[in-house]
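The structure under discussion appears below in the form of structure tokens.
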Amino acid sequence: MLLFMLATFAWLARPPLRPFQILKQLHFIGFKSTFVVVLTAAFTGMVLGLQIYYTLRKFGSEGVLGSVVALSMIRELGPVLAALMVTARAGSAMTAEIGIMRITEQIDALDTMAINPLQYLIAPKFVAGLIAVPLLVAVFDVVGIYGGYVVGVSLLGANAGSYWSSIESAVEWKDVYGGIVKSISFGLIVSWVCCYKGYFTRMSAEGLGTATTEAVVLSSVVILVWDYFLTSVLL
Amino acid sequence: MIKLVGVEKTLGGQPVLCGVDLTIPAGKLTTIIGRSGGGKSVLLKHMIGLLQPDRGQVWVDGIEISRLRGKALNEVRKRFAMLFQGAALFDSLTVFENVAFPLREKLRLADAEVVRRVEEMLEQVGLSGMGHKFPAELSGGMKKRAGLARALVMEPEIILFDRGHASDVSLHGDHGEPRDTGNLFHFGLGGDAQRRKDRGDGAVGGIPAHHRSGDPRIHRHRGITTLNHEPLGS
């Protein structure tokens, strides 16, 4: 599996670069995932606002609501949840698409035309994953923080000024940097695991079903485990 | 000339090819027939390096391809075209883009030249005006013909036809009359055949079904039967 990734990167480095393919994948992985990411982010932020507001009120410190919401979004929830949503939406589709191409011999057809399938098919998805996931995470963070604002401030009546000022004072560059590192590595994990599972699918409809399931499960698990290790290193 | 020497291949624990020795002469149409599951497709895939033999050698005009990788293998593959059982059209591309695909990827041609060659090819296989359709919108037989167009558009020296079962004689002419395999080949090559013959190029057909009359040289070897014809339509 590691070899698969290394080979893809090796092919990525060779011309021709395929800007059209990369754009197409960016559109699919990135743009088309925006809606579901915004939706998830809004509700995650709102539920955080709700939970944390009531917890903080016990200690009389509703003023730091903004910083708690923002830090949990930027450090953890943004990268992890956005990556999981991309896995579910785009990753499963990637596995199914590549798997079908394998089963219907479209990948063999590329080979017979002396076109490397890793370069033509897989590499653009890797690039798109690396670019799209961090951008989606940024969207997730912003929408989530606004979600927390809507519930905490507009609905429950926390102070608007302290919501924003606590964010400003608590969030450091280090937190943002950690979030970016996480989201880039998660983007790689999604396209890596999902492309691998599709590329080496067994040659049947059942095999393709299994491959898609395995891709989503494995990719999600790897994201969560990798998240723990990264966090322990970054903190 | 393609030559297989003692090719053995086991797939999923099942021995598929058990020491196949086979010579396919240049400039002839060679048909391989055998029962289903007999390893005809696997045999063809060895000739173009999609599968590597466990033991034995595959020679294409004096080059042993079974151990080749990367660039060297691609050089050999450029001389081939292969029509797959299910046509293997790229379903994210239209018929036109499918046929244009090898031209655009492998040759630096002006757009007008690509369009001209693709239109000409589509007309030869009876699909003119169908270029904008996606493979999913085509019938099985039309897919096959589009696949044929894609295989022939590069004017390869060697063509491998992987025809699954006798039942897919689904290629019809413009007026709906069924065409048999021989006609298919004639149909596909059209006016090109003469030029191809003048160049002394070979054509290999893996057409495992009924064969046409004539004077085929029949060769049987371990469950695999090959017939050599003169190319049709020449």
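Every chain in the structure tokens has a letter given in the order shown (A, B, ...), and although residue numbers restart at 1 in each chain, ligands are simply numbered from 1 in the order shown.
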
Test item: chain B residues at most 8 Å from chain A, counting only C-alpha atoms, as an MDAnalysis selection string: chainID B and resid 48 50 74:75 77:78 80:82 84 86 88:90 102 105

Would you output that residue set with all heavy atoms, as a compact mmCIF listing (two decimals), in the first residue's frame?
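Saved as out-v7.txt:
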# COMPACT_ATOMS: atom_id res chain seq x y z
N ILE B 48 0.42 -8.69 -24.78
CA ILE B 48 0.56 -7.24 -24.71
C ILE B 48 1.10 -6.81 -23.36
O ILE B 48 1.14 -5.63 -23.02
CB ILE B 48 -0.79 -6.56 -25.07
CG1 ILE B 48 -0.60 -5.09 -25.40
CG2 ILE B 48 -1.83 -6.78 -24.00
CD1 ILE B 48 -1.82 -4.44 -26.01
N LEU B 50 -0.05 -7.31 -20.32
CA LEU B 50 -0.94 -6.99 -19.20
C LEU B 50 -0.78 -8.03 -18.09
O LEU B 50 -1.03 -7.75 -16.93
CB LEU B 50 -2.40 -6.96 -19.64
CG LEU B 50 -2.86 -5.72 -20.40
CD1 LEU B 50 -4.30 -5.89 -20.86
CD2 LEU B 50 -2.74 -4.48 -19.53
N ASN B 74 6.21 0.03 -22.82
CA ASN B 74 5.34 0.98 -23.52
C ASN B 74 5.72 1.10 -24.99
O ASN B 74 4.85 1.26 -25.85
CB ASN B 74 5.42 2.36 -22.85
CG ASN B 74 4.51 2.43 -21.64
OD1 ASN B 74 3.67 1.56 -21.44
ND2 ASN B 74 4.68 3.46 -20.84
N GLU B 75 7.03 1.03 -25.27
CA GLU B 75 7.47 1.09 -26.67
C GLU B 75 6.87 -0.06 -27.47
O GLU B 75 6.42 0.11 -28.60
CB GLU B 75 9.01 1.04 -26.74
CG GLU B 75 9.68 2.36 -26.43
CD GLU B 75 9.13 3.51 -27.27
OE1 GLU B 75 9.02 3.33 -28.50
OE2 GLU B 75 8.80 4.55 -26.70
N ARG B 77 4.15 -1.72 -26.63
CA ARG B 77 2.70 -1.60 -26.64
C ARG B 77 2.21 -0.63 -27.69
O ARG B 77 1.07 -0.72 -28.16
CB ARG B 77 2.20 -1.15 -25.27
CG ARG B 77 2.12 -2.30 -24.29
CD ARG B 77 1.76 -1.80 -22.93
NE ARG B 77 1.52 -2.89 -22.00
CZ ARG B 77 1.44 -2.71 -20.70
NH1 ARG B 77 1.58 -1.52 -20.18
NH2 ARG B 77 1.23 -3.73 -19.91
N LYS B 78 3.04 0.33 -28.05
CA LYS B 78 2.63 1.31 -29.06
C LYS B 78 2.32 0.65 -30.40
O LYS B 78 1.64 1.23 -31.22
CB LYS B 78 3.73 2.36 -29.25
CG LYS B 78 3.67 3.44 -28.19
CD LYS B 78 4.75 4.47 -28.38
CE LYS B 78 4.79 5.39 -27.18
NZ LYS B 78 6.04 6.13 -27.09
N PHE B 80 0.71 -2.11 -30.67
CA PHE B 80 -0.49 -2.92 -30.49
C PHE B 80 -1.74 -2.07 -30.36
O PHE B 80 -1.68 -0.91 -29.97
CB PHE B 80 -0.39 -3.71 -29.18
CG PHE B 80 0.43 -4.95 -29.24
CD1 PHE B 80 1.79 -4.91 -28.96
CD2 PHE B 80 -0.16 -6.16 -29.53
CE1 PHE B 80 2.54 -6.07 -28.98
CE2 PHE B 80 0.58 -7.33 -29.54
CZ PHE B 80 1.94 -7.28 -29.27
N ALA B 81 -2.87 -2.71 -30.63
CA ALA B 81 -4.13 -2.18 -30.12
C ALA B 81 -4.92 -3.37 -29.65
O ALA B 81 -4.75 -4.48 -30.16
CB ALA B 81 -4.88 -1.43 -31.20
N MET B 82 -5.75 -3.18 -28.68
CA MET B 82 -6.52 -4.30 -28.16
C MET B 82 -7.98 -3.90 -28.02
O MET B 82 -8.30 -2.84 -27.51
CB MET B 82 -5.96 -4.71 -26.80
CG MET B 82 -6.67 -5.92 -26.22
SD MET B 82 -5.63 -6.72 -24.99
CE MET B 82 -6.68 -8.09 -24.52
N PHE B 84 -11.23 -5.00 -26.12
CA PHE B 84 -11.56 -5.84 -24.97
C PHE B 84 -12.95 -6.44 -25.09
O PHE B 84 -13.78 -5.96 -25.86
CB PHE B 84 -11.48 -5.00 -23.69
CG PHE B 84 -10.08 -4.66 -23.30
CD1 PHE B 84 -9.46 -3.53 -23.81
CD2 PHE B 84 -9.37 -5.48 -22.44
CE1 PHE B 84 -8.16 -3.21 -23.46
CE2 PHE B 84 -8.08 -5.17 -22.09
CZ PHE B 84 -7.46 -4.04 -22.60
N GLY B 86 -15.53 -6.36 -23.14
CA GLY B 86 -16.63 -5.43 -22.89
C GLY B 86 -16.39 -4.07 -23.52
O GLY B 86 -16.97 -3.08 -23.12
N ALA B 88 -14.46 -1.84 -23.02
CA ALA B 88 -13.63 -1.05 -22.11
C ALA B 88 -13.52 0.42 -22.52
O ALA B 88 -12.48 1.03 -22.40
CB ALA B 88 -12.23 -1.65 -21.96
N LEU B 89 -14.64 0.97 -23.00
CA LEU B 89 -14.65 2.41 -23.28
C LEU B 89 -14.60 3.16 -21.96
O LEU B 89 -15.12 2.70 -20.96
CB LEU B 89 -15.94 2.79 -24.03
CG LEU B 89 -16.11 2.17 -25.41
CD1 LEU B 89 -17.52 2.43 -25.93
CD2 LEU B 89 -15.08 2.73 -26.38
N PHE B 90 -13.96 4.34 -21.98
CA PHE B 90 -13.92 5.14 -20.75
C PHE B 90 -15.29 5.80 -20.58
O PHE B 90 -15.67 6.64 -21.40
CB PHE B 90 -12.83 6.20 -20.84
CG PHE B 90 -11.48 5.60 -21.09
CD1 PHE B 90 -10.75 5.94 -22.21
CD2 PHE B 90 -10.95 4.68 -20.21
CE1 PHE B 90 -9.52 5.38 -22.45
CE2 PHE B 90 -9.72 4.11 -20.44
CZ PHE B 90 -9.00 4.45 -21.57
N PRO B 102 -6.47 8.09 -27.62
CA PRO B 102 -5.08 7.71 -27.91
C PRO B 102 -4.37 8.71 -28.81
O PRO B 102 -3.17 8.94 -28.65
CB PRO B 102 -5.21 6.34 -28.58
CG PRO B 102 -6.63 6.20 -28.96
CD PRO B 102 -7.42 7.07 -28.05
N GLU B 105 -3.40 11.64 -26.61
CA GLU B 105 -2.40 11.31 -25.59
C GLU B 105 -1.04 11.02 -26.21
O GLU B 105 -0.02 11.34 -25.64
CB GLU B 105 -2.86 10.09 -24.78
CG GLU B 105 -3.98 10.40 -23.81
CD GLU B 105 -3.50 11.31 -22.67
OE1 GLU B 105 -2.34 11.22 -22.27
OE2 GLU B 105 -4.31 12.12 -22.20

Any idea what's packed within 9 Å of A:Val193, counting only C-alpha atoms, ignoring anything in its chain fewer than 2 positions away? Could you give it as a ChimeraX atom specification? /A:1,91,95,188-191,195-198,215-216,218-219,222

To one decimal place, how far is atom CA of B:Gly38 from atom CA of B:Val16 in Å? 7.1 Å

Please determine, counting only C-alpha atoms, which residue among A:Ala42, A:Val133, A:Leu65, A:Leu3 has the shortest atom-to-atom distance to A:Gly157.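 Result for the nearest residue to A:Gly157: A:Leu65.
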
Could you pull out the alpha helix (DSSP H) residues of stretch 21-173 of chain A from DSSP and send them as an MDAnalysis selection string? chainID A and resid 21:25 34:58 65:72 78:86 92:103 106:112 117 123:149 160:170 173

Quick one: residues within 6 Å of B:Leu4, only C-alpha atoms counted, chain neighbours fewer than 3 positions away excluded, as JSON, numbers by chain? {"B": [21, 22, 57, 58]}

For B:Trp59, which residue among B:Gln14, B:Gln85, B:Thr23, B:Ser128 is the nearest when counting only C-alpha atoms?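 Nearest candidate to B:Trp59 out of B:Gln14, B:Gln85, B:Thr23, B:Ser128: B:Thr23.
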
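Between atom CA of A:Asp141 and atom CA of A:Ala41 the separation is 7.2 Å.
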
Determine which residues of stretch 19-124 of chain B receive a DSSP assignment of strand (DSSP E), computed from the backbone, and state them as a list in words.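 DSSP-assigned strand (DSSP E) residues in stretch 19-124 of chain B: Gly19, Val20, Asp21, Leu22, Thr23, Ile24, Leu29, Thr30, Thr31, Ile32, Ile33, Arg55, Gly56, Gln57, Val58, Trp59, Val60, Ile63, Glu64, Phe80, Ala81, Met82 and Leu83 of chain B.
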